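One file, model25.cif, is given below (mmCIF, C-alpha atoms).
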data_protein
#
loop_
_atom_site.group_PDB
_atom_site.id
_atom_site.type_symbol
_atom_site.label_atom_id
_atom_site.label_comp_id
_atom_site.auth_asym_id
_atom_site.auth_seq_id
_atom_site.Cartn_x
_atom_site.Cartn_y
_atom_site.Cartn_z
ATOM 1 C CA MET A 1 2.521 1.660 18.465
ATOM 2 C CA ASN A 2 -1.240 1.366 18.856
ATOM 3 C CA CYS A 3 -3.233 -0.197 21.682
ATOM 4 C CA GLU A 4 -4.641 -3.570 20.628
ATOM 5 C CA VAL A 5 -7.912 -2.876 22.455
ATOM 6 C CA CYS A 6 -8.890 0.752 21.840
ATOM 7 C CA GLY A 7 -6.647 1.522 18.864
ATOM 8 C CA SER A 8 -5.201 4.730 20.327
ATOM 9 C CA THR A 9 -1.500 5.564 20.188
ATOM 10 C CA ILE A 10 0.427 4.236 23.184
ATOM 11 C CA TYR A 11 2.561 6.844 24.913
ATOM 12 C CA GLY A 12 5.218 5.448 27.222
ATOM 13 C CA PRO A 13 5.792 1.753 27.743
ATOM 14 C CA PRO A 14 2.915 -0.515 26.675
ATOM 15 C CA LYS A 15 1.304 -2.823 29.238
ATOM 16 C CA ARG A 16 1.047 -6.578 28.622
ATOM 17 C CA ILE A 17 -2.266 -8.119 29.696
ATOM 18 C CA VAL A 18 -4.148 -11.373 29.168
ATOM 19 C CA VAL A 19 -7.791 -11.193 28.055
ATOM 20 C CA GLU A 20 -9.548 -14.541 27.536
ATOM 21 C CA SER A 21 -6.175 -16.333 27.097
ATOM 22 C CA SER A 22 -4.984 -13.784 24.516
ATOM 23 C CA ARG A 23 -1.880 -11.726 25.248
ATOM 24 C CA LEU A 24 -2.273 -8.081 24.247
ATOM 25 C CA LEU A 25 -0.142 -4.924 24.267
ATOM 26 C CA VAL A 26 -2.357 -2.135 25.539
ATOM 27 C CA CYS A 27 -2.283 1.457 26.778
ATOM 28 C CA SER A 28 -2.449 2.270 30.485
ATOM 29 C CA ARG A 29 -6.194 3.045 30.265
ATOM 30 C CA CYS A 30 -7.044 -0.399 28.861
ATOM 31 C CA SER A 31 -4.670 -2.298 31.171
ATOM 32 C CA SER A 32 -7.468 -2.717 33.725
ATOM 33 C CA LEU A 33 -9.589 -4.710 31.233
ATOM 34 C CA GLY A 34 -7.546 -7.892 31.728
ATOM 35 C CA GLN A 35 -5.126 -9.641 34.014
ATOM 36 C CA PRO A 36 -1.426 -8.678 33.973
ATOM 37 C CA ASP A 37 0.709 -11.056 31.890
ATOM 38 C CA LEU A 38 2.705 -12.782 34.618
ATOM 39 C CA LYS A 39 4.516 -15.289 32.381
ATOM 40 C CA ARG A 40 7.331 -12.792 31.877
ATOM 41 C CA GLU A 41 7.910 -12.578 35.621
ATOM 42 C CA GLU A 42 8.084 -16.295 36.463
ATOM 43 C CA LYS A 43 11.264 -17.565 38.073
ATOM 44 C CA ILE A 44 12.541 -21.081 37.761
ATOM 45 C CA ILE A 45 14.012 -22.549 40.910
ATOM 46 C CA PHE A 46 16.271 -25.525 40.474
ATOM 47 C CA SER A 47 18.711 -27.434 42.635
ATOM 48 C CA THR A 48 22.164 -28.676 41.758
ATOM 49 C CA ARG A 49 23.494 -31.995 42.960
ATOM 50 C CA GLN A 50 27.134 -32.279 43.887
ATOM 51 C CA ALA A 51 29.320 -35.306 43.160
ATOM 52 C CA SER A 52 28.916 -36.638 46.715
ATOM 53 C CA GLY A 53 25.172 -36.906 46.216
ATOM 54 C CA SER A 54 24.265 -34.224 48.732
ATOM 55 C CA GLN A 55 21.952 -31.498 47.652
ATOM 56 C CA GLY A 56 23.682 -28.249 46.792
ATOM 57 C CA PRO A 57 22.421 -24.725 47.142
ATOM 58 C CA THR A 58 19.179 -23.679 45.495
ATOM 59 C CA LYS A 59 19.706 -21.154 42.735
ATOM 60 C CA THR A 60 17.269 -18.898 40.985
ATOM 61 C CA SER A 61 17.722 -18.270 37.311
ATOM 62 C CA LYS A 62 16.870 -15.159 35.393
ATOM 63 C CA PRO A 63 13.153 -14.622 34.784
ATOM 64 C CA THR A 64 11.960 -16.671 31.869
ATOM 65 C CA SER A 65 10.524 -14.701 29.043
ATOM 66 C CA THR A 66 8.083 -15.586 26.302
ATOM 67 C CA ARG A 67 9.398 -12.555 24.510
ATOM 68 C CA LEU A 68 11.357 -12.998 21.309
ATOM 69 C CA PRO A 69 14.892 -11.638 21.038
ATOM 70 C CA ALA A 70 15.006 -7.920 20.272
ATOM 71 C CA GLU A 71 16.576 -8.659 16.906
ATOM 72 C CA VAL A 72 13.583 -10.752 15.851
ATOM 73 C CA GLU A 73 11.054 -8.229 17.152
ATOM 74 C CA GLU A 74 12.717 -5.277 15.430
ATOM 75 C CA LEU A 75 13.754 -6.858 12.116
ATOM 76 C CA GLU A 76 11.916 -8.690 9.369
ATOM 77 C CA ILE A 77 13.079 -10.323 6.177
ATOM 78 C CA ALA A 78 12.830 -8.246 2.992
ATOM 79 C CA ASP A 79 9.824 -8.866 0.747
ATOM 80 C CA ASP A 80 12.023 -9.444 -2.290
ATOM 81 C CA PHE A 81 14.476 -11.795 -0.543
ATOM 82 C CA PRO A 82 14.327 -14.508 -3.282
ATOM 83 C CA ASP A 83 15.558 -12.029 -5.913
ATOM 84 C CA LEU A 84 18.151 -10.540 -3.538
ATOM 85 C CA VAL A 85 19.607 -13.970 -2.784
ATOM 86 C CA ARG A 86 19.627 -15.069 -6.434
ATOM 87 C CA ARG A 87 21.186 -11.831 -7.736
ATOM 88 C CA ALA A 88 23.846 -11.753 -5.008
ATOM 89 C CA ARG A 89 24.712 -15.413 -5.640
ATOM 90 C CA GLU A 90 24.990 -14.840 -9.386
ATOM 91 C CA LYS A 91 27.045 -11.676 -8.839
ATOM 92 C CA SER A 92 29.570 -13.626 -6.775
ATOM 93 C CA LYS A 93 29.602 -16.321 -9.524
ATOM 94 C CA MET A 94 28.431 -19.129 -7.259
ATOM 95 C CA SER A 95 26.160 -22.011 -8.126
ATOM 96 C CA GLN A 96 23.279 -22.954 -5.842
ATOM 97 C CA GLN A 97 25.249 -26.035 -4.853
ATOM 98 C CA ASP A 98 28.292 -23.922 -3.879
ATOM 99 C CA LEU A 99 26.117 -21.621 -1.767
ATOM 100 C CA ALA A 100 24.449 -24.588 -0.078
ATOM 101 C CA ARG A 101 27.838 -26.079 0.796
ATOM 102 C CA ILE A 102 29.173 -22.792 2.197
ATOM 103 C CA VAL A 103 26.132 -22.099 4.418
ATOM 104 C CA LYS A 104 25.928 -25.821 5.341
ATOM 105 C CA GLU A 105 22.402 -26.354 4.037
ATOM 106 C CA ARG A 106 20.866 -28.732 1.517
ATOM 107 C CA LEU A 107 20.645 -27.716 -2.114
ATOM 108 C CA SER A 108 16.852 -28.117 -2.039
ATOM 109 C CA ILE A 109 16.611 -25.498 0.751
ATOM 110 C CA ILE A 110 18.563 -22.955 -1.322
ATOM 111 C CA GLN A 111 16.367 -23.726 -4.346
ATOM 112 C CA LYS A 112 13.195 -23.226 -2.296
ATOM 113 C CA ILE A 113 14.504 -19.923 -0.883
ATOM 114 C CA GLU A 114 15.374 -18.584 -4.343
ATOM 115 C CA SER A 115 12.000 -19.645 -5.741
ATOM 116 C CA GLY A 116 10.180 -17.951 -2.836
ATOM 117 C CA LYS A 117 8.565 -21.193 -1.617
ATOM 118 C CA MET A 118 10.390 -20.990 1.708
ATOM 119 C CA THR A 119 11.455 -18.207 4.056
ATOM 120 C CA PRO A 120 14.827 -18.813 5.733
ATOM 121 C CA ASP A 121 15.028 -18.869 9.518
ATOM 122 C CA LEU A 122 17.074 -16.277 11.406
ATOM 123 C CA LYS A 123 20.253 -18.386 11.549
ATOM 124 C CA LEU A 124 20.206 -19.155 7.810
ATOM 125 C CA THR A 125 19.357 -15.528 7.000
ATOM 126 C CA HIS A 126 22.446 -14.349 8.883
ATOM 127 C CA ALA A 127 24.583 -16.952 7.098
ATOM 128 C CA LEU A 128 23.260 -15.853 3.695
ATOM 129 C CA GLU A 129 23.840 -12.185 4.542
ATOM 130 C CA HIS A 130 27.415 -12.931 5.579
ATOM 131 C CA VAL A 131 28.311 -15.091 2.579
ATOM 132 C CA LEU A 132 26.523 -13.032 -0.089
ATOM 133 C CA LYS A 133 27.286 -9.635 1.507
ATOM 134 C CA VAL A 134 23.685 -8.465 1.170
ATOM 135 C CA ARG A 135 21.108 -7.163 3.692
ATOM 136 C CA LEU A 136 18.071 -9.435 3.962
ATOM 137 C CA LEU A 137 16.811 -8.190 7.335
ATOM 138 C CA GLN A 138 15.127 -4.784 7.444
ATOM 139 C CA PRO A 139 13.603 -2.777 10.296
ATOM 140 C CA ARG A 140 10.046 -3.890 11.029
ATOM 141 C CA SER A 141 7.364 -1.400 10.088
ATOM 142 C CA GLU A 142 3.770 -1.488 11.229
ATOM 143 C CA PRO A 143 1.280 -0.948 8.429
ATOM 144 C CA GLU A 144 -0.745 2.221 8.614
ATOM 145 C CA THR A 145 -4.374 1.596 9.490
ATOM 146 C CA PRO A 146 -6.436 3.590 7.029
ATOM 147 C CA ALA A 147 -9.437 5.514 8.282
ATOM 148 C CA ASP A 148 -12.851 5.160 6.687
ATOM 149 C CA ARG A 149 -13.648 7.375 3.755
ATOM 150 C CA SER A 150 -15.676 9.477 6.139
ATOM 151 C CA GLY A 151 -12.444 10.282 8.005
ATOM 152 C CA ARG A 152 -13.538 8.522 11.205
ATOM 153 C CA PRO A 153 -11.425 5.733 12.702
ATOM 154 C CA ARG A 154 -12.688 2.186 12.338
ATOM 155 C CA LEU A 155 -14.578 0.284 15.016
ATOM 156 C CA THR A 156 -12.348 -1.255 17.721
ATOM 157 C CA ILE A 157 -12.907 -4.017 20.264
ATOM 158 C CA SER A 158 -13.351 -1.393 22.946
ATOM 159 C CA ASP A 159 -16.186 0.222 20.979
ATOM 160 C CA VAL A 160 -17.990 -3.112 20.742
ATOM 161 C CA VAL A 161 -17.524 -3.891 24.423
ATOM 162 C CA GLN A 162 -18.864 -0.491 25.445
ATOM 163 C CA TYR A 163 -21.788 -0.845 23.035
ATOM 164 C CA ARG A 164 -22.794 -4.209 24.477
ATOM 165 C CA ARG A 165 -22.570 -2.857 28.012
ATOM 166 C CA LYS A 166 -25.097 -0.156 27.101
ATOM 167 C CA ASP A 167 -27.565 -2.805 25.883
ATOM 168 C CA GLN A 168 -27.486 -4.807 29.103
#
Have the structure of the file written as structure tokens, please.
Amino acid sequence: MNCEVCGSTIYGPPKRIVVESSRLLVCSRCSSLGQPDLKREEKIIFSTRQASGSQGPTKTSKPTSTRLPAEVEELEIADDFPDLVRRAREKSKMSQQDLARIVKERLSIIQKIESGKMTPDLKLTHALEHVLKVRLLQPRSEPETPADRSGRPRLTISDVVQYRRKDQ
């Protein structure tokens, strides 16, 4: 994983910071450039009322998280999912209407998925995988960032910030 500020490889756990209302994953060196992302550490305090109307004990819930489930962060839908769905459906000798009924979706949704006009959500993807016995979710891969033809890495935000500081 690369730092979203300087572009270098992050060793160890990345730091989450906020810079000008943007949340970034950065290396430990760049973590001082912004404020720590405290949204992950908020706690919600709520009270429960008992049947008699008196106020019950105050409980704290688990920290709320803006983070997506690990499954969503680590998996992505295959690029050729329309063909995978269509071929698997045809192999199991089902019509689009049969598939829609089994996964409890509208026929138009199945048609849009097979034509590639719509990407199914996580719940529907799991249902399709289960019914059609095919893998639609694949491990997420970060695209390689190519270097310039000169072999040097491209300009990063950190380079620009440092350059402007020199001018002032």
Return the single residue from A:Leu128, A:Cys3, A:Leu155, A:Ile17 that is closest to Ile77 in chain A, with distances computed using all atoms listed in the file.
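When distances to Ile77 in chain A are compared using all atoms listed in the file, the smallest one comes from A:Leu128.
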Select, from A:Ala127, A:Leu84, A:Ile157, A:Ile113, the residue with the minimum atom-to-atom distance to Gly7 in chain A, counting all atoms listed in the file.
A:Ile157
Within 8 Å of (1.0, 1.7, 24.8) (coordinates as in the file), grab all the protein and nucleic acid residues, counting only C-alpha atoms, and write them out as a ChimeraX atom specification.
/A:1-3,9-15,25-28
Would you give the centre and edge lengths, in Å to one decimal, of a box along x, y and z around the listed atoms of range 79-83 of chain A, with 5 Å added to each side, as JSON?
{"center_x": 12.7, "center_y": -11.7, "center_z": -2.6, "size_x": 15.7, "size_y": 15.6, "size_z": 16.7}
When the PyMOL selection byres ((chain A and resi 35) around 10) is applied to the file above, which residues end up in the set, as a PyMOL selection string?
chain A and resi 16-21+23+31-34+36-38
As an exercise, work out the distance from CA of Lys117 in chain A to CA of Val85 in chain A in Å and give it to one decimal place.
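Answer for the CA of Lys117 in chain A to CA of Val85 in chain A separation: 13.2 Å.
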If you apply the PyMOL selection byres ((chain A and resi 116) around 9) to this file, what residues do you get, as a PyMOL selection string?
chain A and resi 80-83+111-115+117-119
Counting only C-alpha atoms, the residue of A:Val5, A:Ala78, A:Ile109, A:Leu24 that sits nearest Leu137 in chain A:
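Looking at the shortest contact to Leu137 in chain A, the residue is A:Ala78.
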